[in-house]
>>> print(open('coords10.tsv').read())   # TSV, C-alpha atoms
chain	number	residue	atom	x	y	z
D	1	MET	CA	2.80	-27.43	-3.82
D	2	ASP	CA	3.48	-25.93	-7.26
D	3	GLY	CA	-0.02	-26.88	-8.39
D	4	ALA	CA	-1.57	-24.91	-5.52
D	5	GLY	CA	0.51	-21.88	-6.44
D	6	GLU	CA	-0.61	-22.09	-10.07
D	7	GLY	CA	-4.22	-22.43	-8.94
D	8	ARG	CA	-3.93	-19.23	-6.95
D	9	VAL	CA	-2.61	-17.33	-9.95
D	10	THR	CA	-5.46	-18.44	-12.22
D	11	SER	CA	-8.13	-17.77	-9.61
D	12	SER	CA	-6.77	-14.31	-8.71
D	13	LYS	CA	-9.61	-12.77	-10.72
D	14	LYS	CA	-11.88	-13.71	-7.81
D	15	TRP	CA	-9.65	-12.03	-5.24
D	16	SER	CA	-10.72	-8.75	-3.63
D	17	VAL	CA	-9.38	-5.48	-5.03
D	18	ILE	CA	-7.91	-2.67	-2.95
D	19	TYR	CA	-7.21	0.66	-4.60
D	20	PRO	CA	-4.87	3.07	-2.76
D	21	VAL	CA	-7.71	5.63	-2.76
D	22	TYR	CA	-9.65	3.41	-0.32
D	23	ILE	CA	-7.22	4.21	2.52
D	24	ASN	CA	-5.99	7.67	1.43
D	25	SER	CA	-6.64	10.26	4.15
D	26	ARG	CA	-6.36	13.10	1.62
D	27	LYS	CA	-9.42	11.89	-0.29
D	28	THR	CA	-13.06	12.37	0.64
D	29	VAL	CA	-15.69	9.67	0.81
D	30	ALA	CA	-17.12	11.02	-2.44
D	31	GLU	CA	-13.68	10.61	-4.05
D	32	GLY	CA	-13.51	6.99	-2.92
D	33	ARG	CA	-12.10	6.75	0.61
D	34	ARG	CA	-13.63	3.80	2.47
D	35	VAL	CA	-12.13	4.07	5.96
D	36	ALA	CA	-12.42	6.87	8.51
D	37	ALA	CA	-10.12	9.80	7.78
D	38	GLY	CA	-8.52	9.47	11.22
D	39	LYS	CA	-7.58	5.85	10.54
D	40	ALA	CA	-6.48	6.39	6.93
D	41	CYS	CA	-2.95	7.28	5.83
D	42	PRO	CA	-1.73	9.97	3.44
D	43	ASP	CA	-0.99	8.94	-0.16
D	44	PRO	CA	-0.42	5.17	0.07
D	45	THR	CA	1.14	3.39	-2.92
D	46	CYS	CA	0.39	-0.04	-4.35
D	47	ALA	CA	3.85	-1.26	-3.36
D	48	GLU	CA	3.32	-0.19	0.26
D	49	ILE	CA	-0.09	-1.88	0.36
D	50	ALA	CA	1.35	-5.08	-1.12
D	51	ASP	CA	4.23	-5.07	1.40
D	52	CYS	CA	1.77	-4.66	4.27
D	53	CYS	CA	-0.37	-7.52	2.93
D	54	SER	CA	2.72	-9.73	2.71
D	55	HIS	CA	3.57	-8.78	6.29
D	56	LEU	CA	0.05	-9.83	7.31
D	57	LYS	CA	0.51	-13.17	5.47
D	58	ILE	CA	-2.18	-12.32	2.90
D	59	PRO	CA	-1.44	-13.39	-0.69
D	60	CYS	CA	-1.52	-10.35	-2.98
D	61	ARG	CA	-0.68	-9.21	-6.48
D	62	ILE	CA	-0.09	-5.70	-7.84
D	63	GLU	CA	-1.85	-4.73	-11.04
D	64	SER	CA	-0.06	-1.53	-12.04
D	65	ASP	CA	-1.80	-1.17	-15.41
D	66	LYS	CA	-5.30	-0.87	-13.92
D	67	ALA	CA	-6.84	2.49	-13.04
D	68	TYR	CA	-9.35	3.56	-10.42
D	69	PRO	CA	-12.72	3.97	-12.19
D	70	ARG	CA	-13.65	7.29	-10.56
D	71	ASP	CA	-10.27	8.84	-11.37
D	72	PHE	CA	-8.54	7.12	-14.29
D	73	LEU	CA	-5.31	9.06	-13.70
D	74	GLN	CA	-4.67	7.08	-10.51
D	75	LEU	CA	-3.03	3.92	-11.76
D	76	GLY	CA	-2.51	0.72	-9.80
D	77	ARG	CA	-4.44	-1.59	-7.56
D	78	VAL	CA	-3.72	-4.60	-5.37
D	79	ARG	CA	-5.61	-7.90	-5.54
D	80	VAL	CA	-5.72	-9.78	-2.24
D	81	GLN	CA	-6.87	-13.27	-1.37
D	82	LEU	CA	-8.95	-13.10	1.80
D	83	LYS	CA	-10.47	-16.58	1.50
D	84	GLY	CA	-9.09	-19.83	0.21
D	85	ASP	CA	-10.74	-22.04	-2.39
D	86	ASP	CA	-12.68	-23.81	0.34
D	87	GLY	CA	-14.07	-20.52	1.71
D	88	SER	CA	-11.97	-20.42	4.89
D	89	PRO	CA	-10.04	-17.22	5.63
D	90	VAL	CA	-6.37	-17.20	4.61
D	91	ASN	CA	-5.51	-15.27	7.79
D	92	PRO	CA	-7.97	-16.04	10.62
D	93	GLU	CA	-7.40	-12.59	12.17
D	94	ILE	CA	-8.51	-10.81	8.98
D	95	THR	CA	-11.75	-12.11	7.54
D	96	THR	CA	-13.21	-9.05	5.80
D	97	LYS	CA	-11.96	-6.50	3.33
D	98	LYS	CA	-12.74	-3.69	5.79
D	99	GLN	CA	-10.53	-5.29	8.47
D	100	LEU	CA	-7.73	-5.64	5.95
D	101	MET	CA	-8.01	-2.01	4.85
D	102	LEU	CA	-7.85	-0.83	8.48
D	103	GLN	CA	-4.80	-3.02	9.21
D	104	VAL	CA	-3.01	-1.86	6.05
D	105	ALA	CA	-3.83	1.80	6.77
D	106	GLU	CA	-2.28	1.34	10.20
D	107	LEU	CA	0.89	-0.30	8.81
D	108	VAL	CA	1.60	1.95	5.80
D	109	PRO	CA	2.89	4.94	7.84
D	110	LYS	CA	5.35	2.55	9.53
D	111	HIS	CA	6.52	1.22	6.14
D	112	LEU	CA	10.28	1.11	5.71
D	113	GLY	CA	10.19	3.30	2.58
D	114	ARG	CA	8.40	6.09	4.42
D	115	THR	CA	10.71	6.03	7.43
D	116	ARG	CA	13.79	6.12	5.17
D	117	LYS	CA	12.43	9.15	3.29
D	118	GLN	CA	12.35	11.12	6.54
D	119	GLU	CA	15.88	10.19	7.67
D	120	PRO	CA	17.82	11.83	4.77
D	121	ALA	CA	16.03	15.12	5.49
D	122	THR	CA	17.58	15.18	8.97
D	123	ASN	CA	20.98	14.12	7.61
D	124	SER	CA	20.99	16.80	4.91
D	125	SER	CA	20.60	19.55	7.51
D	126	SER	CA	23.71	18.30	9.29
D	127	THR	CA	25.72	18.21	6.05
D	128	ALA	CA	24.51	21.62	4.86
D	129	PRO	CA	27.05	23.66	6.92
D	130	SER	CA	29.95	21.68	5.43
D	131	LYS	CA	29.01	22.63	1.84
D	132	PRO	CA	29.92	26.34	2.21
D	133	GLY	CA	33.25	25.25	3.68
D	134	LYS	CA	34.01	23.26	0.55
D	135	GLY	CA	33.26	26.33	-1.59
D	136	ARG	CA	35.92	28.38	0.24
D	137	LYS	CA	38.61	25.84	-0.48
D	138	LYS	CA	38.46	26.49	-4.25
D	139	LYS	CA	41.36	29.00	-4.07
>>> encode(input="coords10.tsv", output="structure tokens")
Amino acid sequence: MDGAGEGRVTSSKKWSVIYPVYINSRKTVAEGRRVAAGKACPDPTCAEIADCCSHLKIPCRIESDKAYPRDFLQLGRVRVQLKGDDGSPVNPEITTKKQLMLQVAELVPKHLGRTRKQEPATNSSSTAPSKPGKGRKKK
């Protein structure tokens, strides 16, 4: 089993590449978006894409030092293994890169990191009235 894992690491250069721009709804097709704007998600990160691929049982690896060729300021990409060494799909439900991008774009807005970011905003509004009360107790 360890040998198969090592083989996957060395052959990861042949894996497909997904840049976050491919599924970013805030980008145009000319800027690199590859899925429909209605199906894309706003500002996905490499970590979110990798988590979604792991959830879909697709082997993946983040390459944070690589940049998108059209915009070299956007760092990071995710390599994914869609097909095994024998040519069969790793996940029979996802056989093409386009299908994977659509699935990931659907899952990223539901990502745990995004839902947690929204919860503190609602909690801070409930704690805001207590802050002025603390200021009065200085005397």
>>> closest_residue(input="coords10.tsv", among="D:Lys13, D:Lys27, D:Lys39, D:Arg34", to="D:Pro109", atoms="all atoms listed in the file")
D:Lys39
>>> residues_around(input="coords10.tsv", residues="D:Ile23", least_positions_apart="2", cutoff="9 Å", atoms="all atoms listed in the file", output="PDB file with C-alpha atoms, in the frame of the given file")
ATOM      1  CA  ILE D  18      -7.910  -2.670  -2.950  1.00  0.00           C
ATOM      2  CA  TYR D  19      -7.210   0.660  -4.600  1.00  0.00           C
ATOM      3  CA  PRO D  20      -4.870   3.070  -2.760  1.00  0.00           C
ATOM      4  CA  VAL D  21      -7.710   5.630  -2.760  1.00  0.00           C
ATOM      5  CA  SER D  25      -6.640  10.260   4.150  1.00  0.00           C
ATOM      6  CA  ARG D  26      -6.360  13.100   1.620  1.00  0.00           C
ATOM      7  CA  LYS D  27      -9.420  11.890  -0.290  1.00  0.00           C
ATOM      8  CA  GLY D  32     -13.510   6.990  -2.920  1.00  0.00           C
ATOM      9  CA  ARG D  33     -12.100   6.750   0.610  1.00  0.00           C
ATOM     10  CA  ARG D  34     -13.630   3.800   2.470  1.00  0.00           C
ATOM     11  CA  VAL D  35     -12.130   4.070   5.960  1.00  0.00           C
ATOM     12  CA  ALA D  36     -12.420   6.870   8.510  1.00  0.00           C
ATOM     13  CA  ALA D  37     -10.120   9.800   7.780  1.00  0.00           C
ATOM     14  CA  LYS D  39      -7.580   5.850  10.540  1.00  0.00           C
ATOM     15  CA  ALA D  40      -6.480   6.390   6.930  1.00  0.00           C
ATOM     16  CA  CYS D  41      -2.950   7.280   5.830  1.00  0.00           C
ATOM     17  CA  PRO D  42      -1.730   9.970   3.440  1.00  0.00           C
ATOM     18  CA  ASP D  43      -0.990   8.940  -0.160  1.00  0.00           C
ATOM     19  CA  PRO D  44      -0.420   5.170   0.070  1.00  0.00           C
ATOM     20  CA  MET D 101      -8.010  -2.010   4.850  1.00  0.00           C
ATOM     21  CA  LEU D 102      -7.850  -0.830   8.480  1.00  0.00           C
ATOM     22  CA  VAL D 104      -3.010  -1.860   6.050  1.00  0.00           C
ATOM     23  CA  ALA D 105      -3.830   1.800   6.770  1.00  0.00           C
TER      24      ALA D 105
END
>>> atom_distance(input="coords10.tsv", atom1="atom CA of D:Arg114", atom2="atom CA of D:Arg77")
19.2 Å
>>> closest_residue(input="coords10.tsv", among="D:Val78, D:Leu100, D:Leu107, D:Val29", to="D:Arg61", atoms="all atoms listed in the file")
D:Val78
>>> atom_distance(input="coords10.tsv", atom1="atom CA of D:Ala50", atom2="atom CA of D:Gln81")
11.6 Å
>>> atom_distance(input="coords10.tsv", atom1="atom CA of D:Lys98", atom2="atom CA of D:Val80")
12.3 Å
>>> closest_residue(input="coords10.tsv", among="D:Cys46, D:Cys53, D:Val108, D:Ala30", to="D:Arg70", atoms="only C-alpha atoms")
D:Ala30
>>> closest_residue(input="coords10.tsv", among="D:Leu73, D:Cys60, D:Ala47, D:Cys52", to="D:Lys14", atoms="all atoms listed in the file")
D:Cys60
>>> closest_residue(input="coords10.tsv", among="D:Val17, D:Leu75, D:Arg116, D:Leu56", to="D:Pro92", atoms="all atoms listed in the file")
D:Leu56
>>> closest_residue(input="coords10.tsv", among="D:Ser54, D:Pro89, D:Thr45, D:Leu112", to="D:Gly76", atoms="all atoms listed in the file")
D:Thr45
>>> decode(input="coords10.tsv", residues="stretch 14-55 of chain D", atoms="N, CA and C atoms", output="compact mmCIF listing (two decimals), in the first residue's frame")
# COMPACT_ATOMS: atom_id res chain seq x y z
N LYS D 14 1.37 14.47 -13.73
CA LYS D 14 0.41 14.16 -14.80
C LYS D 14 -1.03 14.41 -14.37
N TRP D 15 -1.23 14.80 -13.12
CA TRP D 15 -2.57 15.09 -12.64
C TRP D 15 -3.08 16.38 -13.27
N SER D 16 -4.38 16.56 -13.27
CA SER D 16 -4.99 17.79 -13.79
C SER D 16 -4.80 18.93 -12.80
N VAL D 17 -4.77 20.14 -13.31
CA VAL D 17 -4.57 21.33 -12.47
C VAL D 17 -5.86 22.14 -12.44
N ILE D 18 -6.22 22.59 -11.24
CA ILE D 18 -7.37 23.49 -11.08
C ILE D 18 -6.88 24.73 -10.35
N TYR D 19 -7.00 25.86 -11.02
CA TYR D 19 -6.71 27.14 -10.40
C TYR D 19 -8.01 27.69 -9.83
N PRO D 20 -7.96 28.40 -8.70
CA PRO D 20 -9.19 28.97 -8.13
C PRO D 20 -9.93 29.89 -9.10
N VAL D 21 -9.20 30.52 -10.02
CA VAL D 21 -9.82 31.42 -11.00
C VAL D 21 -10.85 30.66 -11.86
N TYR D 22 -10.63 29.38 -12.09
CA TYR D 22 -11.52 28.60 -12.95
C TYR D 22 -12.96 28.59 -12.46
N ILE D 23 -13.16 28.68 -11.14
CA ILE D 23 -14.52 28.61 -10.59
C ILE D 23 -14.91 29.87 -9.84
N ASN D 24 -14.19 30.98 -10.08
CA ASN D 24 -14.44 32.24 -9.39
C ASN D 24 -15.51 33.03 -10.13
N SER D 25 -16.64 33.27 -9.48
CA SER D 25 -17.75 33.98 -10.13
C SER D 25 -17.44 35.46 -10.36
N ARG D 26 -16.44 36.00 -9.69
CA ARG D 26 -16.10 37.41 -9.84
C ARG D 26 -15.14 37.66 -11.00
N LYS D 27 -14.76 36.61 -11.69
CA LYS D 27 -13.87 36.74 -12.85
C LYS D 27 -14.67 36.54 -14.13
N THR D 28 -14.18 37.11 -15.21
CA THR D 28 -14.82 36.92 -16.52
C THR D 28 -14.17 35.73 -17.22
N VAL D 29 -14.76 35.33 -18.32
CA VAL D 29 -14.19 34.25 -19.11
C VAL D 29 -12.81 34.67 -19.62
N ALA D 30 -12.68 35.93 -20.02
CA ALA D 30 -11.39 36.43 -20.50
C ALA D 30 -10.33 36.40 -19.39
N GLU D 31 -10.75 36.54 -18.14
CA GLU D 31 -9.81 36.50 -17.02
C GLU D 31 -9.52 35.08 -16.57
N GLY D 32 -10.24 34.11 -17.11
CA GLY D 32 -9.91 32.72 -16.82
C GLY D 32 -11.00 31.84 -16.25
N ARG D 33 -12.20 32.38 -16.01
CA ARG D 33 -13.27 31.54 -15.47
C ARG D 33 -13.68 30.50 -16.50
N ARG D 34 -13.90 29.26 -16.06
CA ARG D 34 -14.23 28.17 -16.99
C ARG D 34 -15.61 27.57 -16.79
N VAL D 35 -16.32 27.98 -15.77
CA VAL D 35 -17.68 27.50 -15.57
C VAL D 35 -18.63 28.68 -15.66
N ALA D 36 -19.90 28.42 -15.83
CA ALA D 36 -20.90 29.48 -15.94
C ALA D 36 -20.89 30.33 -14.66
N ALA D 37 -21.09 31.61 -14.82
CA ALA D 37 -21.05 32.52 -13.67
C ALA D 37 -22.10 32.16 -12.63
N GLY D 38 -23.24 31.66 -13.07
CA GLY D 38 -24.30 31.27 -12.13
C GLY D 38 -23.94 30.05 -11.31
N LYS D 39 -23.07 29.20 -11.83
CA LYS D 39 -22.67 27.99 -11.13
C LYS D 39 -21.36 28.16 -10.37
N ALA D 40 -20.65 29.25 -10.63
CA ALA D 40 -19.38 29.51 -9.97
C ALA D 40 -19.61 30.07 -8.58
N CYS D 41 -18.54 30.16 -7.79
CA CYS D 41 -18.64 30.69 -6.43
C CYS D 41 -17.68 31.86 -6.27
N PRO D 42 -17.97 32.78 -5.36
CA PRO D 42 -17.10 33.95 -5.20
C PRO D 42 -15.82 33.63 -4.43
N ASP D 43 -14.70 34.01 -5.00
CA ASP D 43 -13.38 33.95 -4.38
C ASP D 43 -13.05 32.63 -3.68
N PRO D 44 -12.98 31.52 -4.40
CA PRO D 44 -12.58 30.26 -3.77
C PRO D 44 -11.08 30.26 -3.46
N THR D 45 -10.67 29.52 -2.46
CA THR D 45 -9.25 29.38 -2.12
C THR D 45 -8.79 27.97 -2.44
N CYS D 46 -7.48 27.79 -2.51
CA CYS D 46 -6.93 26.47 -2.79
C CYS D 46 -7.29 25.48 -1.69
N ALA D 47 -7.28 25.94 -0.45
CA ALA D 47 -7.61 25.06 0.66
C ALA D 47 -9.06 24.58 0.57
N GLU D 48 -9.97 25.47 0.20
CA GLU D 48 -11.38 25.09 0.05
C GLU D 48 -11.55 24.09 -1.09
N ILE D 49 -10.86 24.32 -2.20
CA ILE D 49 -10.94 23.40 -3.34
C ILE D 49 -10.39 22.04 -2.95
N ALA D 50 -9.27 22.02 -2.24
CA ALA D 50 -8.68 20.74 -1.82
C ALA D 50 -9.60 20.00 -0.85
N ASP D 51 -10.22 20.73 0.08
CA ASP D 51 -11.16 20.09 1.01
C ASP D 51 -12.34 19.48 0.28
N CYS D 52 -12.84 20.19 -0.73
CA CYS D 52 -13.97 19.68 -1.51
C CYS D 52 -13.56 18.44 -2.31
N CYS D 53 -12.36 18.44 -2.84
CA CYS D 53 -11.87 17.27 -3.58
C CYS D 53 -11.72 16.08 -2.64
N SER D 54 -11.22 16.31 -1.44
CA SER D 54 -11.11 15.24 -0.45
C SER D 54 -12.49 14.69 -0.09
N HIS D 55 -13.45 15.59 0.02
CA HIS D 55 -14.83 15.18 0.32
C HIS D 55 -15.38 14.31 -0.81
